[in-house]
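Before any comments, here is the structure.
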Amino acid sequence: MAGAGGGNCDVQWCFSQVKGSIDDDVAEADIISTVEFNHSGELLATGDKGGRVVIFQQEPESKNQPQCRGEYNVYSTFQSHEPEFDYLKSLEIEEKINKIRWLPQKNAAQFLLSTNDKTIKLWKISERDKRPEGYNLKEEDGRYRDLNTVTTLRVPVFRPMDLMVEASPRRVFANAHTYHINSTSVNSDCETYLSADDLRINLWHLEITDRSFNIVDIKPANMEELTEVITAAEFHPNQCNTFVYSSSKGTIRMCDMRASALCDKHAKMFEEPEDPNNRSFFSEIISSISDVKFSHSGRYMMTRDYLSVKIWDLNMETRPVETYQVHEYLRSKLCSLYENDCIFDKFECCWNGNDSVVMTGSYNNFFRMFDRGYRQDVTLEASRENSKPRSVLKPRKVSTGGKRKKDEISVDSLDFNKKILHTAWHPLDNIIAVATTNNLYIFEEKLN
Amino acid sequence: MSGDNEDTQTADETTLDEKEVQDKVISPEKAEEAKLKARYPNLGNKPGGSDLLRKRLQKGQKYFDSGDYNMAKAKIKNKQLPTAAPEKTEITGDHIPTPQDLPQRKPSLVASKLAG
């Protein structure tokens, strides 16, 4: 299908690259915890449990192979957060990077926000490809010259050097969250951003680190009365006054910052009515929303709960306009999924560039794509076995009935330790980044 | 019901099984709930309620009180301080944590393997 990011029905996905070690023994620090393309798609950032950020840059398309999109190669890597211990509260603060959000590019440098459970940092990534040479008082290696040997005066000049990419922390936004930060979101005004923890949402100015405004507070006066927590939050892509936050009870609240300083009262609440007859012990747990994402257009938003992906029209609060089952066959496995804690896994979801296809991960290193227009879905797998360059990914199928066809995999054979929680779609092209536990796969549309 | 090899099936659950086979009225979710309640009869009825949420909010909580530790050391004197079980998961309650119990958190000095 022509056009970048078009409908998915005849897109064939093929393997492009995989990053990370083949080692089966995964160190905890290597577990990928977030994946995010920047606004142009040229840069791809990952964060891991060890607090490290790795940024990949797409090589420019070569004239020799115009059909091949550029590969992503390491551009910069740095230690963003380190483990801390809060002695006052006896609380261990993990260095795991929960979210990375890119700022829109304003000058030569790139900026991103990375956050762990407690602290958000603004990192500047800049390139240096020239350096000054010919100082009067210093040698080239930095040592100071003996002033007696200085007999002439010269003007230092910039000379080209090998490209160096430097990452430096420009702002540290700390001490504003009692609970664990789950989301950050940059406002379309490019001046402010929000950070959300389990019970509160704060609004920051990117330049100011010593204060933030609390805009949502759902902490009850008596903690015994706690019934729900905030699970994700995001600013509207073009309305700078609007943001949404999702809850562990499956609701989404939309707030308008023009209405009042404290947005505890929502402007809209999105909730799908539940059939009381179908209610079970698991109902609330599986309705908990693990991710919420606005469409690029700003007209829709998508939510991910344990078993499904739902698309909501912002004009209709009563129910979603579309619901896609990710792995409905797990409904009859909820007991064991509760026992092994998998029922609490937080899957993310993402839109393609023109909002026609949505994607989310599942178990056994499967991930799913749903084409909204053509009403088709596909299950693909990220595995080393399908990692020959440009090999087309074959759709996978999980057999639910008694009879298992050849090539299908039965529900009981699924590996629940191989979960794809984080995926990202290039903002313009059909290129996707899929994170398994410790590997990053890049797939792209097969171009003929 | 497929794959159900419980030894601890209660009479109620067996009835449930039969009912499901016959009527298919009981949803798979409710059947799973019955399974869970059979395994853990003490499970409360508020699954998403405060207990679960508060456990989530307390993630990362470790307990070490230097006052308690020093007082206990002074009282016991020559005796050994009770130590945690080898697979220490939660260091709280009866056991008095020691600095050795808290796992050392050191920052990663190794570069990410994604950059390799």
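We label chains A, B, ... in the order they appear in the structure tokens, count residues from 1 in each chain, and number ligands from 1 in the order shown.
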
Inset, instruction - Could you give me, as a VMD selection string, the residues within 9 Å of Tyr135 in chain A, counting only C-alpha atoms and dropping anything in the same chain fewer than 2 positions from it? - result: chain A and resid 132 to 133 137 to 140 154 to 157

Inset, instruction - Starting from chain A, keep only residues with some atom at most 7 Å from an atom of chain B, counting only C-alpha atoms, and report them as a PyMOL selection string. - result: chain A and resi 19-21+30+50+52+54+74+82-83+90-93+179+224-227+280-281+284-285+331-335

Legend entry - Ala196 in chain A environment, 8 Å, only C-alpha atoms, sequence neighbours closer than 5 positions dropped, as a PyMOL selection string: chain A and resi 181-184+201-202+230+232-233

Mind writing the picked residues with N, CA, C and O atoms as a PDB file, in the first residue's frame?
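Once everything was written out, this is result-v6.pdb:
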```pdb
ATOM      1  N   ILE A 181       6.439   7.410  40.311  1.00  0.00           N
ATOM      2  CA  ILE A 181       6.088   8.056  39.051  1.00  0.00           C
ATOM      3  C   ILE A 181       5.841   6.993  37.988  1.00  0.00           C
ATOM      4  O   ILE A 181       6.669   6.095  37.798  1.00  0.00           O
ATOM      5  N   ASN A 182       4.679   7.081  37.302  1.00  0.00           N
ATOM      6  CA  ASN A 182       4.415   6.138  36.218  1.00  0.00           C
ATOM      7  C   ASN A 182       4.447   6.806  34.853  1.00  0.00           C
ATOM      8  O   ASN A 182       4.653   6.153  33.837  1.00  0.00           O
ATOM      9  N   SER A 183       4.232   8.111  34.783  1.00  0.00           N
ATOM     10  CA  SER A 183       4.180   8.787  33.471  1.00  0.00           C
ATOM     11  C   SER A 183       4.764  10.181  33.513  1.00  0.00           C
ATOM     12  O   SER A 183       4.718  10.853  34.546  1.00  0.00           O
ATOM     13  N   THR A 184       5.284  10.580  32.364  1.00  0.00           N
ATOM     14  CA  THR A 184       5.568  11.996  32.143  1.00  0.00           C
ATOM     15  C   THR A 184       5.001  12.317  30.765  1.00  0.00           C
ATOM     16  O   THR A 184       4.871  11.429  29.922  1.00  0.00           O
ATOM     17  N   ILE A 201      -0.730  14.164  40.346  1.00  0.00           N
ATOM     18  CA  ILE A 201      -0.130  14.625  39.091  1.00  0.00           C
ATOM     19  C   ILE A 201       0.385  16.036  39.307  1.00  0.00           C
ATOM     20  O   ILE A 201      -0.329  16.888  39.858  1.00  0.00           O
ATOM     21  N   ASN A 202       1.635  16.265  38.894  1.00  0.00           N
ATOM     22  CA  ASN A 202       2.254  17.579  39.041  1.00  0.00           C
ATOM     23  C   ASN A 202       2.540  18.198  37.690  1.00  0.00           C
ATOM     24  O   ASN A 202       2.850  17.502  36.728  1.00  0.00           O
ATOM     25  N   ILE A 230      -3.796   6.164  40.140  1.00  0.00           N
ATOM     26  CA  ILE A 230      -3.547   6.663  38.786  1.00  0.00           C
ATOM     27  C   ILE A 230      -2.551   5.726  38.116  1.00  0.00           C
ATOM     28  O   ILE A 230      -1.528   5.382  38.716  1.00  0.00           O
ATOM     29  N   ALA A 232      -1.724   6.037  34.442  1.00  0.00           N
ATOM     30  CA  ALA A 232      -1.025   6.702  33.336  1.00  0.00           C
ATOM     31  C   ALA A 232      -1.645   8.071  33.112  1.00  0.00           C
ATOM     32  O   ALA A 232      -2.800   8.305  33.496  1.00  0.00           O
ATOM     33  N   ALA A 233      -0.882   8.970  32.503  1.00  0.00           N
ATOM     34  CA  ALA A 233      -1.402  10.312  32.222  1.00  0.00           C
ATOM     35  C   ALA A 233      -0.735  10.840  30.970  1.00  0.00           C
ATOM     36  O   ALA A 233       0.433  10.524  30.692  1.00  0.00           O
TER      37      ALA A 233
END
```

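We find CA of Lys118 in chain A and CA of Lys418 in chain A to be spaced 27.7 Å apart.
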
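CA of Ile286 in chain A lies 14.5 Å from CA of Asn340 in chain A.
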
Can you list every residue of range 94-148 of chain A that has an atom at most 12 Å from range 420-436 of chain A, with its nearest atom pair and the distance in Å to one decimal, using only C-alpha atoms, ordered by chain then number, as CSV?
```
residue,atom,partner,partner_atom,distance
A:Asn98,CA,A:His422,CA,10.9
A:Lys99,CA,A:His422,CA,10.5
A:Ile100,CA,A:His422,CA,11.8
```

Inset, instruction - Write out as a PyMOL selection string all residues of range 100-207 of chain A that backbone DSSP assigns to strand (DSSP E). - result: chain A and resi 100-102+110-115+120-133+157-173+183-186+192-196+200-205

Inset, instruction - For CA of Phe213 in chain A and CA of Ser195 in chain A, quote the distance in Å rounded to one decimal. - result: 10.3 Å

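The helix (DSSP H, G or I) portion of range 20-199 of chain A consists of Glu28, Ala29, Asp30, Leu147, Asn148 and Thr149 of chain A, with states taken from DSSP on the backbone.
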
May I have the residues within 12 Å of Trp204 in chain A as a PDB file with N, CA and C atoms, in the first residue's frame, using only C-alpha atoms and disregarding those fewer than 5 positions away in the same chain?
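To be explicit, this is the file written out as part.pdb:
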```
ATOM      1  N   LEU A 113      13.309  13.826  28.399  1.00  0.00           N
ATOM      2  CA  LEU A 113      13.012  13.702  29.820  1.00  0.00           C
ATOM      3  C   LEU A 113      13.063  12.222  30.170  1.00  0.00           C
ATOM      4  N   ILE A 120      12.800  13.169  37.914  1.00  0.00           N
ATOM      5  CA  ILE A 120      12.780  13.354  36.458  1.00  0.00           C
ATOM      6  C   ILE A 120      14.003  14.177  36.082  1.00  0.00           C
ATOM      7  N   LYS A 121      14.638  13.786  34.987  1.00  0.00           N
ATOM      8  CA  LYS A 121      15.813  14.541  34.546  1.00  0.00           C
ATOM      9  C   LYS A 121      15.666  14.962  33.095  1.00  0.00           C
ATOM     10  N   LEU A 122      16.100  16.168  32.809  1.00  0.00           N
ATOM     11  CA  LEU A 122      16.119  16.663  31.431  1.00  0.00           C
ATOM     12  C   LEU A 122      17.548  16.520  30.929  1.00  0.00           C
ATOM     13  N   ARG A 171      18.610  19.571  33.787  1.00  0.00           N
ATOM     14  CA  ARG A 171      17.705  19.898  34.888  1.00  0.00           C
ATOM     15  C   ARG A 171      17.430  18.609  35.637  1.00  0.00           C
ATOM     16  N   VAL A 172      17.299  18.742  36.961  1.00  0.00           N
ATOM     17  CA  VAL A 172      16.893  17.607  37.777  1.00  0.00           C
ATOM     18  C   VAL A 172      15.650  18.029  38.554  1.00  0.00           C
ATOM     19  N   PHE A 173      14.547  17.343  38.307  1.00  0.00           N
ATOM     20  CA  PHE A 173      13.275  17.690  38.960  1.00  0.00           C
ATOM     21  C   PHE A 173      13.031  16.645  40.045  1.00  0.00           C
ATOM     22  N   ALA A 174      13.336  17.000  41.260  1.00  0.00           N
ATOM     23  CA  ALA A 174      13.311  16.004  42.333  1.00  0.00           C
ATOM     24  C   ALA A 174      12.372  16.406  43.456  1.00  0.00           C
ATOM     25  N   ALA A 176       9.351  15.798  44.332  1.00  0.00           N
ATOM     26  CA  ALA A 176       7.960  16.251  44.188  1.00  0.00           C
ATOM     27  C   ALA A 176       6.961  15.116  44.264  1.00  0.00           C
ATOM     28  N   THR A 184       5.284  10.580  32.364  1.00  0.00           N
ATOM     29  CA  THR A 184       5.568  11.996  32.143  1.00  0.00           C
ATOM     30  C   THR A 184       5.001  12.317  30.765  1.00  0.00           C
ATOM     31  N   SER A 185       4.654  13.585  30.544  1.00  0.00           N
ATOM     32  CA  SER A 185       4.139  13.952  29.230  1.00  0.00           C
ATOM     33  C   SER A 185       4.449  15.409  28.969  1.00  0.00           C
ATOM     34  N   VAL A 186       5.067  15.697  27.836  1.00  0.00           N
ATOM     35  CA  VAL A 186       5.422  17.071  27.496  1.00  0.00           C
ATOM     36  C   VAL A 186       4.212  17.743  26.872  1.00  0.00           C
ATOM     37  N   ASN A 187       3.929  18.958  27.313  1.00  0.00           N
ATOM     38  CA  ASN A 187       2.788  19.708  26.793  1.00  0.00           C
ATOM     39  C   ASN A 187       3.081  20.210  25.383  1.00  0.00           C
ATOM     40  N   CYS A 190       5.334  23.154  24.739  1.00  0.00           N
ATOM     41  CA  CYS A 190       6.790  22.939  24.802  1.00  0.00           C
ATOM     42  C   CYS A 190       7.460  23.671  25.946  1.00  0.00           C
ATOM     43  N   GLU A 191       6.665  24.125  26.908  1.00  0.00           N
ATOM     44  CA  GLU A 191       7.250  24.830  28.052  1.00  0.00           C
ATOM     45  C   GLU A 191       7.015  24.060  29.335  1.00  0.00           C
ATOM     46  N   THR A 192       5.919  23.322  29.372  1.00  0.00           N
ATOM     47  CA  THR A 192       5.564  22.623  30.600  1.00  0.00           C
ATOM     48  C   THR A 192       5.446  21.133  30.345  1.00  0.00           C
ATOM     49  N   TYR A 193       5.435  20.373  31.427  1.00  0.00           N
ATOM     50  CA  TYR A 193       5.189  18.944  31.295  1.00  0.00           C
ATOM     51  C   TYR A 193       4.545  18.459  32.577  1.00  0.00           C
ATOM     52  N   LEU A 194       3.905  17.293  32.512  1.00  0.00           N
ATOM     53  CA  LEU A 194       3.309  16.737  33.721  1.00  0.00           C
ATOM     54  C   LEU A 194       4.030  15.466  34.123  1.00  0.00           C
ATOM     55  N   SER A 195       4.002  15.178  35.417  1.00  0.00           N
ATOM     56  CA  SER A 195       4.514  13.904  35.912  1.00  0.00           C
ATOM     57  C   SER A 195       3.428  13.345  36.827  1.00  0.00           C
ATOM     58  N   ALA A 196       3.167  12.052  36.679  1.00  0.00           N
ATOM     59  CA  ALA A 196       2.084  11.439  37.443  1.00  0.00           C
ATOM     60  C   ALA A 196       2.613  10.291  38.277  1.00  0.00           C
ATOM     61  N   THR A 209      13.135  24.032  38.399  1.00  0.00           N
ATOM     62  CA  THR A 209      13.225  22.751  39.085  1.00  0.00           C
ATOM     63  C   THR A 209      12.851  22.814  40.554  1.00  0.00           C
ATOM     64  N   ASP A 210      12.769  24.009  41.110  1.00  0.00           N
ATOM     65  CA  ASP A 210      12.549  24.055  42.551  1.00  0.00           C
ATOM     66  C   ASP A 210      11.076  24.143  42.938  1.00  0.00           C
ATOM     67  N   ARG A 211      10.195  24.080  41.987  1.00  0.00           N
ATOM     68  CA  ARG A 211       8.778  24.024  42.342  1.00  0.00           C
ATOM     69  C   ARG A 211       7.956  23.413  41.224  1.00  0.00           C
ATOM     70  N   SER A 212       6.839  22.813  41.618  1.00  0.00           N
ATOM     71  CA  SER A 212       5.896  22.306  40.628  1.00  0.00           C
ATOM     72  C   SER A 212       4.497  22.486  41.202  1.00  0.00           C
ATOM     73  N   PHE A 213       3.513  22.514  40.334  1.00  0.00           N
ATOM     74  CA  PHE A 213       2.132  22.682  40.763  1.00  0.00           C
ATOM     75  C   PHE A 213       1.453  21.322  40.821  1.00  0.00           C
ATOM     76  N   ASN A 214       0.748  21.058  41.896  1.00  0.00           N
ATOM     77  CA  ASN A 214      -0.026  19.832  41.964  1.00  0.00           C
ATOM     78  C   ASN A 214      -1.363  20.090  41.279  1.00  0.00           C
ATOM     79  N   ILE A 215      -1.680  19.313  40.261  1.00  0.00           N
ATOM     80  CA  ILE A 215      -2.931  19.559  39.540  1.00  0.00           C
ATOM     81  C   ILE A 215      -3.980  18.468  39.743  1.00  0.00           C
TER      82      ILE A 215
END
```

Legend entry - All residues 8 Å or closer to Leu199 in chain A, only C-alpha atoms, same chain fewer than 4 positions away omitted, as an MDAnalysis selection string: chainID A and resid 179 216:219 229:230
